[in-house]
Amino acid sequence: MDVDRALSALHQEARELWVPRTIPRIPYHPSALAFLREYVALNTPVIFTDCPCPSWPDDHLLSVIGDDGIIVNRTPAGFGDHADDTSGMFVKPWQTEQSFRSFLGELNQHRRDSVAPKGAEAQSRFPGIPYYSVQSDCLRKGHAALLKDLPPLTFACAAFGAEPDAINLWVGDGRSFTATHKDHYENLYMVVRGAKRFFLRPPCDAAQLPERDLRAATYAPCVPTGGDALHAVADTPASSVRWILHDKADAPRVPDVRGGRDLAASGREPLVADVAAGEMLYLPALWYHAVGQRGVTVAVNWWFDMSFCGPAYVYYNFLRRLTGQDDSDDGRPQSAEGEDLQS
Ligand SMILES: O=C(O)CCC(=O)C(=O)O
């Protein structure tokens with residue numbers, strides 16, 4: 001059997017035996033054993049409903065973290081950390097430092113402007129679409145006062161045998177879209193306000209998600225003294241990032257939530273997981289995901305280190321080498337320790 005036929009069989013067998021047709025929804029929260037046995041061990045996503053989730057209206061967020069300084073990611077079209085078709089580079093967002101209050105004010109101003117004309121005073125002092133999405137354990141490190149509102153996730157800590165490696169706060173609106181990628185983390189992702197749509201593909205779809213080495217770049221204002229546009233500027237010294245290419249052809253597929261642009265060129269549909277406020281997605285390690293949202297959306301995620309000791313990671317790397325997705329193939333296995341483990 002040649003490699004293409006074997007990959008086709010892998011895709012088919014995975015759909016028959018492993019990947020669900022729709023993501024199951026079960027009430028929060030399972031026992032650690034049930035979570036481990038039915039989802040973690042099988043590397044299969046699930047959505048928990050009826051989570052003990054705070055409501056976090058604006059006035060609460062502003063009174064608790066309004067004055068906290070934050071780093072905001074800004075992009076011209078809502079795509080951060082992505083393969084940009086225009087420049088052919090991997091582009092990271094421009095980052096601004098500001099208070100949480102001024103950032104939330106910007107999102108709310110945009111919402112008001114979409115129903116009423118924009119006044120001159122409504123202009124943001126920064127260009128670009130803002131998304132608070134820094135993924136640096138920002139909730140635990142930067143906004144610890146919010147921790148007491150959150151469920152302790154004891155079942156997950158017991159299942160993974162560890163405390164979370166990071167707890168992140170995500171705040172943005174429907175203009176922002178997270179491009180397809182995977183993480184070396186077990187991810188519990190809870191939507192607090194708004195709604196998220198995840199486009200999911202199992203790790204065995206690596207062959208359908210072409211990766212290339214792309215020159216690394218960062219968005220920057222066109223005019224350093226306050227222009228209203230951002231453009232991609234190549235990083236110096238030059239470096240490259242291996243990243244998944246997009247397929248723009250699918251862009252209009254999801255009318256409510258920006259999506260589709262990231263759906264790969266294979267013609268094979270991703271699984272769609274709609275996660276509403278009060279729900280939590282278990283996104284298993286190494287699953288590819290692209291993420292859109294509807295309206296102003298507030299979410300929290302807990303990242304737990306994945307285990308590198310079982311078969312999953314080594315088989316996944318083997319598959320990527322076999323399909324030419326891993327440029328580090330020098331004929332020798334790569335050690336988990338030697339690699340930058342967060343994509
Ligand atoms: O919510 C998002 O925009 C992206 C979430 C994500 O990529 C993650 O939790 O790994």
# chains A, B, ... in the order shown; residues from 1 in each chain; ligands from 1
call {"tool": "residues_around", "arguments": {"residues": "A:Tyr219", "least_positions_apart": "3", "cutoff": "8 Å", "atoms": "only C-alpha atoms", "output": "ChimeraX atom specification"}}
result
/A:74-75,91-94,230-233
call {"tool": "residues_around", "arguments": {"residues": "stretch 189-192 of chain A", "least_positions_apart": "5", "cutoff": "8 Å", "atoms": "only C-alpha atoms", "output": "number ranges by chain"}}
result
A: 53-56, 275-283, 297-302
call {"tool": "residues_around", "arguments": {"residues": "stretch 156-163 of chain A", "least_positions_apart": "5", "cutoff": "8 Å", "atoms": "only C-alpha atoms", "output": "ChimeraX atom specification"}}
result
/A:32-33,35-36,304
call {"tool": "residues_near_ligand", "arguments": {"ligand": "ligand 1", "cutoff": "8 Å", "atoms": "only C-alpha atoms and all ligand atoms", "output": "list in words"}}
result
Ser133, Trp170, Ser176, Phe177, Thr178, Ala179, His181, Lys182, Asp183, Asn187, Leu188, Tyr189, Lys196, His289, Ala290, Val291, Gly292, Gln293, Ala299, Asn301 and Trp303 of chain A
call {"tool": "write_last_selection", "arguments": {"atoms": "N, CA and C atoms", "output": "mmCIF file, in the first residue's frame"}}
result
data_model
loop_
_atom_site.group_PDB
_atom_site.id
_atom_site.type_symbol
_atom_site.label_atom_id
_atom_site.label_comp_id
_atom_site.auth_asym_id
_atom_site.auth_seq_id
_atom_site.Cartn_x
_atom_site.Cartn_y
_atom_site.Cartn_z
ATOM 1 N N SER A 133 -5.584 38.323 24.182
ATOM 2 C CA SER A 133 -5.390 36.897 23.891
ATOM 3 C C SER A 133 -3.925 36.508 24.092
ATOM 4 N N TRP A 170 -9.486 35.442 27.883
ATOM 5 C CA TRP A 170 -9.614 35.834 26.472
ATOM 6 C C TRP A 170 -10.781 36.809 26.359
ATOM 7 N N SER A 176 -12.297 39.160 15.530
ATOM 8 C CA SER A 176 -11.042 38.416 15.697
ATOM 9 C C SER A 176 -11.244 36.933 15.429
ATOM 10 N N PHE A 177 -10.232 36.319 14.861
ATOM 11 C CA PHE A 177 -10.305 34.900 14.518
ATOM 12 C C PHE A 177 -8.933 34.282 14.751
ATOM 13 N N THR A 178 -8.916 33.171 15.472
ATOM 14 C CA THR A 178 -7.640 32.500 15.755
ATOM 15 C C THR A 178 -7.397 31.426 14.699
ATOM 16 N N ALA A 179 -6.271 31.538 14.007
ATOM 17 C CA ALA A 179 -5.975 30.647 12.874
ATOM 18 C C ALA A 179 -5.662 29.220 13.342
ATOM 19 N N HIS A 181 -4.184 25.931 14.423
ATOM 20 C CA HIS A 181 -2.918 25.538 15.046
ATOM 21 C C HIS A 181 -3.223 24.414 16.016
ATOM 22 N N LYS A 182 -2.205 23.895 16.628
ATOM 23 C CA LYS A 182 -2.377 22.885 17.672
ATOM 24 C C LYS A 182 -1.507 23.283 18.857
ATOM 25 N N ASP A 183 -1.836 22.769 20.034
ATOM 26 C CA ASP A 183 -1.028 23.048 21.213
ATOM 27 C C ASP A 183 -0.636 21.745 21.876
ATOM 28 N N ASN A 187 -6.576 21.101 27.058
ATOM 29 C CA ASN A 187 -7.179 22.423 27.169
ATOM 30 C C ASN A 187 -8.626 22.323 27.673
ATOM 31 N N LEU A 188 -8.936 23.007 28.750
ATOM 32 C CA LEU A 188 -10.334 23.151 29.168
ATOM 33 C C LEU A 188 -10.706 24.608 28.955
ATOM 34 N N TYR A 189 -11.648 24.844 28.064
ATOM 35 C CA TYR A 189 -11.928 26.198 27.576
ATOM 36 C C TYR A 189 -13.380 26.559 27.903
ATOM 37 N N LYS A 196 -18.417 31.002 21.302
ATOM 38 C CA LYS A 196 -17.242 30.660 20.491
ATOM 39 C C LYS A 196 -17.599 29.530 19.555
ATOM 40 N N HIS A 289 -7.068 23.336 15.848
ATOM 41 C CA HIS A 289 -8.272 24.142 16.083
ATOM 42 C C HIS A 289 -8.102 25.548 15.524
ATOM 43 N N ALA A 290 -9.214 26.047 14.975
ATOM 44 C CA ALA A 290 -9.336 27.459 14.610
ATOM 45 C C ALA A 290 -10.559 27.955 15.367
ATOM 46 N N VAL A 291 -10.563 29.239 15.756
ATOM 47 C CA VAL A 291 -11.611 29.682 16.684
ATOM 48 C C VAL A 291 -12.153 31.056 16.301
ATOM 49 N N GLY A 292 -13.486 31.144 16.203
ATOM 50 C CA GLY A 292 -14.152 32.427 15.992
ATOM 51 C C GLY A 292 -15.094 32.701 17.146
ATOM 52 N N GLN A 293 -15.664 33.879 17.184
ATOM 53 C CA GLN A 293 -16.558 34.226 18.285
ATOM 54 C C GLN A 293 -17.654 35.165 17.808
ATOM 55 N N ALA A 299 -13.807 34.647 27.864
ATOM 56 C CA ALA A 299 -13.596 33.216 28.093
ATOM 57 C C ALA A 299 -12.362 33.008 28.963
ATOM 58 N N ASN A 301 -9.413 29.852 29.808
ATOM 59 C CA ASN A 301 -9.006 28.471 29.579
ATOM 60 C C ASN A 301 -7.897 28.049 30.517
ATOM 61 N N TRP A 303 -4.815 25.420 30.796
ATOM 62 C CA TRP A 303 -3.927 24.537 30.041
ATOM 63 C C TRP A 303 -3.203 23.609 30.996
#
call {"tool": "residues_around", "arguments": {"residues": "A:Gly128", "least_positions_apart": "3", "cutoff": "12 Å", "atoms": "only C-alpha atoms", "output": "PyMOL selection string"}}
result
chain A and resi 72-80+93-96+106-107+110+123-125+131+175-176+219-222+226-231
call {"tool": "write_last_selection", "arguments": {"atoms": "N, CA, C and O atoms", "output": "short mmCIF file (atom, residue, chain, number, x, y, z; two decimals), in the first residue's frame"}}
result
data_model
loop_
_atom_site.label_atom_id
_atom_site.label_comp_id
_atom_site.auth_asym_id
_atom_site.auth_seq_id
_atom_site.Cartn_x
_atom_site.Cartn_y
_atom_site.Cartn_z
N VAL A 72 -2.43 44.08 24.68
CA VAL A 72 -3.50 43.79 23.73
C VAL A 72 -2.90 43.48 22.36
O VAL A 72 -2.02 44.19 21.88
N ASN A 73 -3.36 42.37 21.75
CA ASN A 73 -2.92 42.01 20.39
C ASN A 73 -3.78 42.74 19.38
O ASN A 73 -5.01 42.75 19.49
N ARG A 74 -3.14 43.33 18.37
CA ARG A 74 -3.87 44.11 17.36
C ARG A 74 -3.47 43.66 15.96
O ARG A 74 -2.29 43.49 15.67
N THR A 75 -4.50 43.50 15.12
CA THR A 75 -4.27 43.03 13.74
C THR A 75 -5.15 43.84 12.80
O THR A 75 -6.20 44.33 13.20
N PRO A 76 -4.77 43.95 11.52
CA PRO A 76 -5.60 44.75 10.61
C PRO A 76 -6.92 44.08 10.25
O PRO A 76 -7.90 44.75 10.00
N ALA A 77 -6.96 42.74 10.20
CA ALA A 77 -8.19 42.07 9.75
C ALA A 77 -8.69 41.02 10.73
O ALA A 77 -9.55 40.21 10.39
N GLY A 78 -8.14 41.01 11.94
CA GLY A 78 -8.63 40.09 12.96
C GLY A 78 -7.85 38.80 13.05
O GLY A 78 -8.13 37.96 13.91
N PHE A 79 -6.87 38.57 12.18
CA PHE A 79 -6.09 37.34 12.20
C PHE A 79 -4.74 37.58 12.86
O PHE A 79 -3.92 38.32 12.32
N GLY A 80 -4.54 36.97 14.03
CA GLY A 80 -3.24 37.06 14.69
C GLY A 80 -2.50 35.75 14.50
O GLY A 80 -3.13 34.72 14.24
N PRO A 93 0.73 39.61 15.94
CA PRO A 93 0.03 40.88 16.14
C PRO A 93 0.95 41.99 16.63
O PRO A 93 2.01 41.71 17.23
N TRP A 94 0.55 43.20 16.40
CA TRP A 94 1.15 44.36 17.07
C TRP A 94 0.61 44.37 18.49
O TRP A 94 -0.57 44.06 18.71
N GLN A 95 1.45 44.73 19.46
CA GLN A 95 0.99 44.70 20.85
C GLN A 95 1.02 46.09 21.47
O GLN A 95 2.00 46.83 21.30
N THR A 96 -0.07 46.42 22.17
CA THR A 96 -0.11 47.70 22.88
C THR A 96 -0.31 47.45 24.37
O THR A 96 -0.94 46.46 24.76
N GLU A 106 -12.97 50.17 24.18
CA GLU A 106 -12.83 50.11 22.71
C GLU A 106 -13.80 49.10 22.10
O GLU A 106 -14.42 49.36 21.07
N LEU A 107 -13.88 47.90 22.74
CA LEU A 107 -14.78 46.87 22.20
C LEU A 107 -16.22 47.37 22.25
O LEU A 107 -16.99 47.20 21.30
N HIS A 110 -16.93 49.97 19.64
CA HIS A 110 -17.12 49.38 18.30
C HIS A 110 -18.53 48.82 18.18
O HIS A 110 -19.18 48.96 17.14
N GLN A 123 -13.00 57.38 18.14
CA GLN A 123 -11.83 56.73 17.54
C GLN A 123 -10.91 56.19 18.63
O GLN A 123 -10.64 56.85 19.61
N SER A 124 -10.42 54.94 18.41
CA SER A 124 -9.44 54.40 19.34
C SER A 124 -8.12 55.14 19.15
O SER A 124 -7.81 55.62 18.07
N ARG A 125 -7.33 55.20 20.24
CA ARG A 125 -6.05 55.86 20.03
C ARG A 125 -5.07 54.91 19.35
O ARG A 125 -3.97 55.30 18.98
N TYR A 131 -7.61 42.37 20.49
CA TYR A 131 -8.00 41.07 21.08
C TYR A 131 -7.09 40.83 22.28
O TYR A 131 -5.86 40.87 22.14
N ARG A 175 -14.79 40.24 15.35
CA ARG A 175 -13.83 40.58 14.29
C ARG A 175 -12.57 39.74 14.37
O ARG A 175 -11.83 39.65 13.39
N SER A 176 -12.30 39.16 15.53
CA SER A 176 -11.04 38.42 15.70
C SER A 176 -11.24 36.93 15.43
O SER A 176 -12.29 36.37 15.75
N TYR A 219 3.01 42.77 12.84
CA TYR A 219 2.29 43.96 12.38
C TYR A 219 2.82 45.20 13.10
O TYR A 219 3.20 45.14 14.27
N ALA A 220 2.82 46.30 12.37
CA ALA A 220 3.25 47.59 12.95
C ALA A 220 2.42 48.68 12.29
O ALA A 220 1.96 48.53 11.15
N PRO A 221 2.23 49.80 13.00
CA PRO A 221 1.49 50.91 12.38
C PRO A 221 2.24 51.41 11.16
O PRO A 221 3.47 51.47 11.16
N CYS A 222 1.49 51.77 10.11
CA CYS A 222 2.13 52.25 8.88
C CYS A 222 2.87 53.55 9.15
O CYS A 222 3.95 53.78 8.63
N GLY A 226 1.03 57.44 14.61
CA GLY A 226 -0.42 57.42 14.76
C GLY A 226 -1.20 57.18 13.49
O GLY A 226 -2.30 57.69 13.34
N GLY A 227 -0.69 56.40 12.54
CA GLY A 227 -1.46 56.05 11.35
C GLY A 227 -2.60 55.14 11.74
O GLY A 227 -2.64 54.61 12.85
N ASP A 228 -3.56 54.95 10.84
CA ASP A 228 -4.72 54.16 11.24
C ASP A 228 -4.70 52.77 10.60
O ASP A 228 -5.71 52.10 10.54
N ALA A 229 -3.55 52.32 10.11
CA ALA A 229 -3.49 51.00 9.51
C ALA A 229 -2.26 50.26 10.03
O ALA A 229 -1.31 50.88 10.51
N LEU A 230 -2.32 48.92 9.92
CA LEU A 230 -1.17 48.10 10.32
C LEU A 230 -0.68 47.34 9.11
O LEU A 230 -1.47 46.94 8.25
N HIS A 231 0.62 47.15 9.02
CA HIS A 231 1.15 46.32 7.95
C HIS A 231 2.22 45.39 8.50
O HIS A 231 2.76 45.61 9.59
#
call {"tool": "select_by_dssp", "arguments": {"residues": "stretch 46-182 of chain A", "states": "strand (DSSP E or B)", "output": "JSON, numbers by chain"}}
result
{"A": [46, 47, 48, 49, 69, 70, 71, 72, 73, 74, 75, 79, 80, 82, 83, 90, 91, 92, 94, 95, 96, 97, 98, 99, 129, 130, 131, 132, 166, 167, 168, 169, 170, 171, 172, 177, 178, 179, 180, 181]}
call {"tool": "residues_around", "arguments": {"residues": "A:Ala238", "least_positions_apart": "3", "cutoff": "12 Å", "atoms": "only C-alpha atoms", "output": "PyMOL selection string"}}
result
chain A and resi 89-90+214-218+233-235+241
call {"tool": "write_last_selection", "arguments": {"atoms": "N, CA and C atoms", "output": "PDB file, in the first residue's frame"}}
result
ATOM      1  N   MET A  89       4.180  35.795   4.669  1.00  0.00           N
ATOM      2  CA  MET A  89       4.949  35.636   5.907  1.00  0.00           C
ATOM      3  C   MET A  89       4.036  35.144   7.039  1.00  0.00           C
ATOM      4  N   PHE A  90       4.668  34.653   8.113  1.00  0.00           N
ATOM      5  CA  PHE A  90       3.937  34.334   9.337  1.00  0.00           C
ATOM      6  C   PHE A  90       3.909  35.615  10.163  1.00  0.00           C
ATOM      7  N   LEU A 214       7.858  29.813   7.104  1.00  0.00           N
ATOM      8  CA  LEU A 214       7.526  31.167   6.641  1.00  0.00           C
ATOM      9  C   LEU A 214       8.400  32.175   7.380  1.00  0.00           C
ATOM     10  N   ARG A 215       8.776  33.208   6.672  1.00  0.00           N
ATOM     11  CA  ARG A 215       9.529  34.288   7.306  1.00  0.00           C
ATOM     12  C   ARG A 215       8.655  34.927   8.390  1.00  0.00           C
ATOM     13  N   ALA A 216       9.245  35.125   9.574  1.00  0.00           N
ATOM     14  CA  ALA A 216       8.473  35.697  10.679  1.00  0.00           C
ATOM     15  C   ALA A 216       8.372  37.212  10.539  1.00  0.00           C
ATOM     16  N   ALA A 217       7.189  37.741  10.844  1.00  0.00           N
ATOM     17  CA  ALA A 217       6.947  39.184  10.747  1.00  0.00           C
ATOM     18  C   ALA A 217       6.016  39.601  11.885  1.00  0.00           C
ATOM     19  N   THR A 218       5.913  40.896  12.072  1.00  0.00           N
ATOM     20  CA  THR A 218       5.027  41.440  13.114  1.00  0.00           C
ATOM     21  C   THR A 218       4.288  42.627  12.519  1.00  0.00           C
ATOM     22  N   VAL A 233       5.692  43.706   8.982  1.00  0.00           N
ATOM     23  CA  VAL A 233       7.104  44.067   8.834  1.00  0.00           C
ATOM     24  C   VAL A 233       7.942  42.852   9.226  1.00  0.00           C
ATOM     25  N   ALA A 234       8.820  42.427   8.332  1.00  0.00           N
ATOM     26  CA  ALA A 234       9.643  41.234   8.596  1.00  0.00           C
ATOM     27  C   ALA A 234      10.503  41.451   9.841  1.00  0.00           C
ATOM     28  N   ASP A 235      10.591  40.414  10.667  1.00  0.00           N
ATOM     29  CA  ASP A 235      11.403  40.524  11.884  1.00  0.00           C
ATOM     30  C   ASP A 235      12.886  40.559  11.527  1.00  0.00           C
ATOM     31  N   VAL A 241       9.159  30.623  10.928  1.00  0.00           N
ATOM     32  CA  VAL A 241       8.221  29.876  11.774  1.00  0.00           C
ATOM     33  C   VAL A 241       7.525  28.878  10.860  1.00  0.00           C
TER      34      VAL A 241
END
call {"tool": "residues_around", "arguments": {"residues": "A:Gln135", "least_positions_apart": "3", "cutoff": "8 Å", "atoms": "only C-alpha atoms", "output": "list in words"}}
result
Cys138, Ala166, Ile167, Asn168 and Leu169 of chain A
call {"tool": "write_last_selection", "arguments": {"atoms": "N, CA and C atoms", "output": "PDB file, in the first residue's frame"}}
result
ATOM      1  N   CYS A 138      -2.199  34.702  31.884  1.00  0.00           N
ATOM      2  CA  CYS A 138      -2.480  36.106  32.218  1.00  0.00           C
ATOM      3  C   CYS A 138      -3.556  36.252  33.280  1.00  0.00           C
ATOM      4  N   ALA A 166      -1.190  26.950  32.940  1.00  0.00           N
ATOM      5  CA  ALA A 166      -1.564  28.347  32.689  1.00  0.00           C
ATOM      6  C   ALA A 166      -3.080  28.479  32.783  1.00  0.00           C
ATOM      7  N   ILE A 167      -3.521  29.655  33.245  1.00  0.00           N
ATOM      8  CA  ILE A 167      -4.952  30.001  33.196  1.00  0.00           C
ATOM      9  C   ILE A 167      -5.028  31.349  32.480  1.00  0.00           C
ATOM     10  N   ASN A 168      -5.710  31.355  31.346  1.00  0.00           N
ATOM     11  CA  ASN A 168      -5.713  32.548  30.493  1.00  0.00           C
ATOM     12  C   ASN A 168      -7.105  33.165  30.395  1.00  0.00           C
ATOM     13  N   LEU A 169      -7.130  34.478  30.291  1.00  0.00           N
ATOM     14  CA  LEU A 169      -8.378  35.208  30.045  1.00  0.00           C
ATOM     15  C   LEU A 169      -8.366  35.649  28.579  1.00  0.00           C
TER      16      LEU A 169
END
call {"tool": "residues_around", "arguments": {"residues": "A:Val272", "least_positions_apart": "5", "cutoff": "9 Å", "atoms": "only C-alpha atoms", "output": "list of chain:residue names"}}
result
A:Thr22, A:Ile23, A:Arg197, A:Phe198, A:Phe199, A:Leu200
call {"tool": "select_by_dssp", "arguments": {"residues": "stretch 142-333 of chain A", "states": "alpha helix (DSSP H)", "output": "list of chain:residue names"}}
result
A:Gly142, A:Thr154, A:Phe155, A:Ala156, A:Cys157, A:Ala158, A:Ala159, A:Phe160, A:Pro311, A:Ala312, A:Tyr313, A:Val314, A:Tyr315, A:Tyr316, A:Asn317, A:Phe318, A:Leu319, A:Arg320, A:Arg321, A:Leu322
call {"tool": "write_last_selection", "arguments": {"atoms": "C-alpha atoms", "output": "short mmCIF file (atom, residue, chain, number, x, y, z; two decimals), in the first residue's frame"}}
result
data_model
loop_
_atom_site.label_atom_id
_atom_site.label_comp_id
_atom_site.auth_asym_id
_atom_site.auth_seq_id
_atom_site.Cartn_x
_atom_site.Cartn_y
_atom_site.Cartn_z
CA GLY A 142 -2.28 39.42 36.02
CA THR A 154 -10.62 19.49 40.82
CA PHE A 155 -11.73 16.68 38.47
CA ALA A 156 -9.28 17.88 35.80
CA CYS A 157 -6.40 18.37 38.27
CA ALA A 158 -6.99 14.83 39.50
CA ALA A 159 -7.25 13.42 35.97
CA PHE A 160 -4.06 15.12 34.75
CA PRO A 311 2.21 6.62 22.12
CA ALA A 312 0.30 9.76 21.02
CA TYR A 313 3.20 12.18 20.66
CA VAL A 314 5.62 9.77 19.00
CA TYR A 315 3.02 8.50 16.53
CA TYR A 316 1.97 12.05 15.75
CA ASN A 317 5.57 13.05 15.02
CA PHE A 318 6.01 9.96 12.87
CA LEU A 319 2.94 10.92 10.84
CA ARG A 320 4.17 14.47 10.34
CA ARG A 321 7.56 13.24 9.14
CA LEU A 322 5.94 10.73 6.83
#
call {"tool": "closest_residue", "arguments": {"among": "A:Leu61, A:Ile71, A:Ala83, A:Val19", "to": "A:Val46", "atoms": "only C-alpha atoms"}}
result
A:Val19
call {"tool": "closest_residue", "arguments": {"among": "A:Pro127, A:Val115, A:Thr86, A:Ile65", "to": "A:Ala144", "atoms": "only C-alpha atoms"}}
result
A:Ile65
call {"tool": "decode", "arguments": {"residues": "stretch 30-46 of chain A", "atoms": "N, CA and C atoms", "output": "PDB file, in the first residue's frame"}}
result
ATOM      1  N   PRO A  30     -17.851  15.749  35.525  1.00  0.00           N
ATOM      2  CA  PRO A  30     -17.736  14.304  35.669  1.00  0.00           C
ATOM      3  C   PRO A  30     -16.813  13.969  36.839  1.00  0.00           C
ATOM      4  N   SER A  31     -16.765  12.706  37.197  1.00  0.00           N
ATOM      5  CA  SER A  31     -15.715  12.290  38.129  1.00  0.00           C
ATOM      6  C   SER A  31     -14.402  12.328  37.345  1.00  0.00           C
ATOM      7  N   ALA A  32     -13.303  12.442  38.088  1.00  0.00           N
ATOM      8  CA  ALA A  32     -12.000  12.442  37.427  1.00  0.00           C
ATOM      9  C   ALA A  32     -11.832  11.159  36.615  1.00  0.00           C
ATOM     10  N   LEU A  33     -12.328  10.049  37.185  1.00  0.00           N
ATOM     11  CA  LEU A  33     -12.152   8.755  36.509  1.00  0.00           C
ATOM     12  C   LEU A  33     -12.934   8.713  35.193  1.00  0.00           C
ATOM     13  N   ALA A  34     -14.183   9.184  35.232  1.00  0.00           N
ATOM     14  CA  ALA A  34     -14.993   9.156  33.999  1.00  0.00           C
ATOM     15  C   ALA A  34     -14.385  10.069  32.944  1.00  0.00           C
ATOM     16  N   PHE A  35     -13.921  11.244  33.360  1.00  0.00           N
ATOM     17  CA  PHE A  35     -13.299  12.186  32.421  1.00  0.00           C
ATOM     18  C   PHE A  35     -12.060  11.548  31.785  1.00  0.00           C
ATOM     19  N   LEU A  36     -11.247  10.926  32.639  1.00  0.00           N
ATOM     20  CA  LEU A  36     -10.017  10.298  32.157  1.00  0.00           C
ATOM     21  C   LEU A  36     -10.322   9.135  31.206  1.00  0.00           C
ATOM     22  N   ARG A  37     -11.269   8.293  31.632  1.00  0.00           N
ATOM     23  CA  ARG A  37     -11.537   7.063  30.879  1.00  0.00           C
ATOM     24  C   ARG A  37     -12.250   7.351  29.556  1.00  0.00           C
ATOM     25  N   GLU A  38     -13.234   8.280  29.601  1.00  0.00           N
ATOM     26  CA  GLU A  38     -14.093   8.432  28.424  1.00  0.00           C
ATOM     27  C   GLU A  38     -13.593   9.484  27.438  1.00  0.00           C
ATOM     28  N   TYR A  39     -12.738  10.401  27.889  1.00  0.00           N
ATOM     29  CA  TYR A  39     -12.331  11.495  26.991  1.00  0.00           C
ATOM     30  C   TYR A  39     -10.807  11.651  26.905  1.00  0.00           C
ATOM     31  N   VAL A  40     -10.134  11.802  28.054  1.00  0.00           N
ATOM     32  CA  VAL A  40      -8.686  12.059  28.000  1.00  0.00           C
ATOM     33  C   VAL A  40      -7.960  10.851  27.396  1.00  0.00           C
ATOM     34  N   ALA A  41      -8.264   9.662  27.907  1.00  0.00           N
ATOM     35  CA  ALA A  41      -7.552   8.462  27.431  1.00  0.00           C
ATOM     36  C   ALA A  41      -7.824   8.233  25.950  1.00  0.00           C
ATOM     37  N   LEU A  42      -9.000   8.647  25.483  1.00  0.00           N
ATOM     38  CA  LEU A  42      -9.349   8.433  24.070  1.00  0.00           C
ATOM     39  C   LEU A  42      -8.986   9.633  23.200  1.00  0.00           C
ATOM     40  N   ASN A  43      -8.419  10.682  23.820  1.00  0.00           N
ATOM     41  CA  ASN A  43      -8.042  11.895  23.074  1.00  0.00           C
ATOM     42  C   ASN A  43      -9.246  12.379  22.246  1.00  0.00           C
ATOM     43  N   THR A  44     -10.379  12.548  22.949  1.00  0.00           N
ATOM     44  CA  THR A  44     -11.652  12.891  22.284  1.00  0.00           C
ATOM     45  C   THR A  44     -12.294  14.104  22.967  1.00  0.00           C
ATOM     46  N   PRO A  45     -12.728  15.087  22.190  1.00  0.00           N
ATOM     47  CA  PRO A  45     -13.322  16.285  22.793  1.00  0.00           C
ATOM     48  C   PRO A  45     -14.713  16.040  23.385  1.00  0.00           C
ATOM     49  N   VAL A  46     -15.090  16.898  24.322  1.00  0.00           N
ATOM     50  CA  VAL A  46     -16.431  16.857  24.900  1.00  0.00           C
ATOM     51  C   VAL A  46     -16.759  18.275  25.362  1.00  0.00           C
TER      52      VAL A  46
END
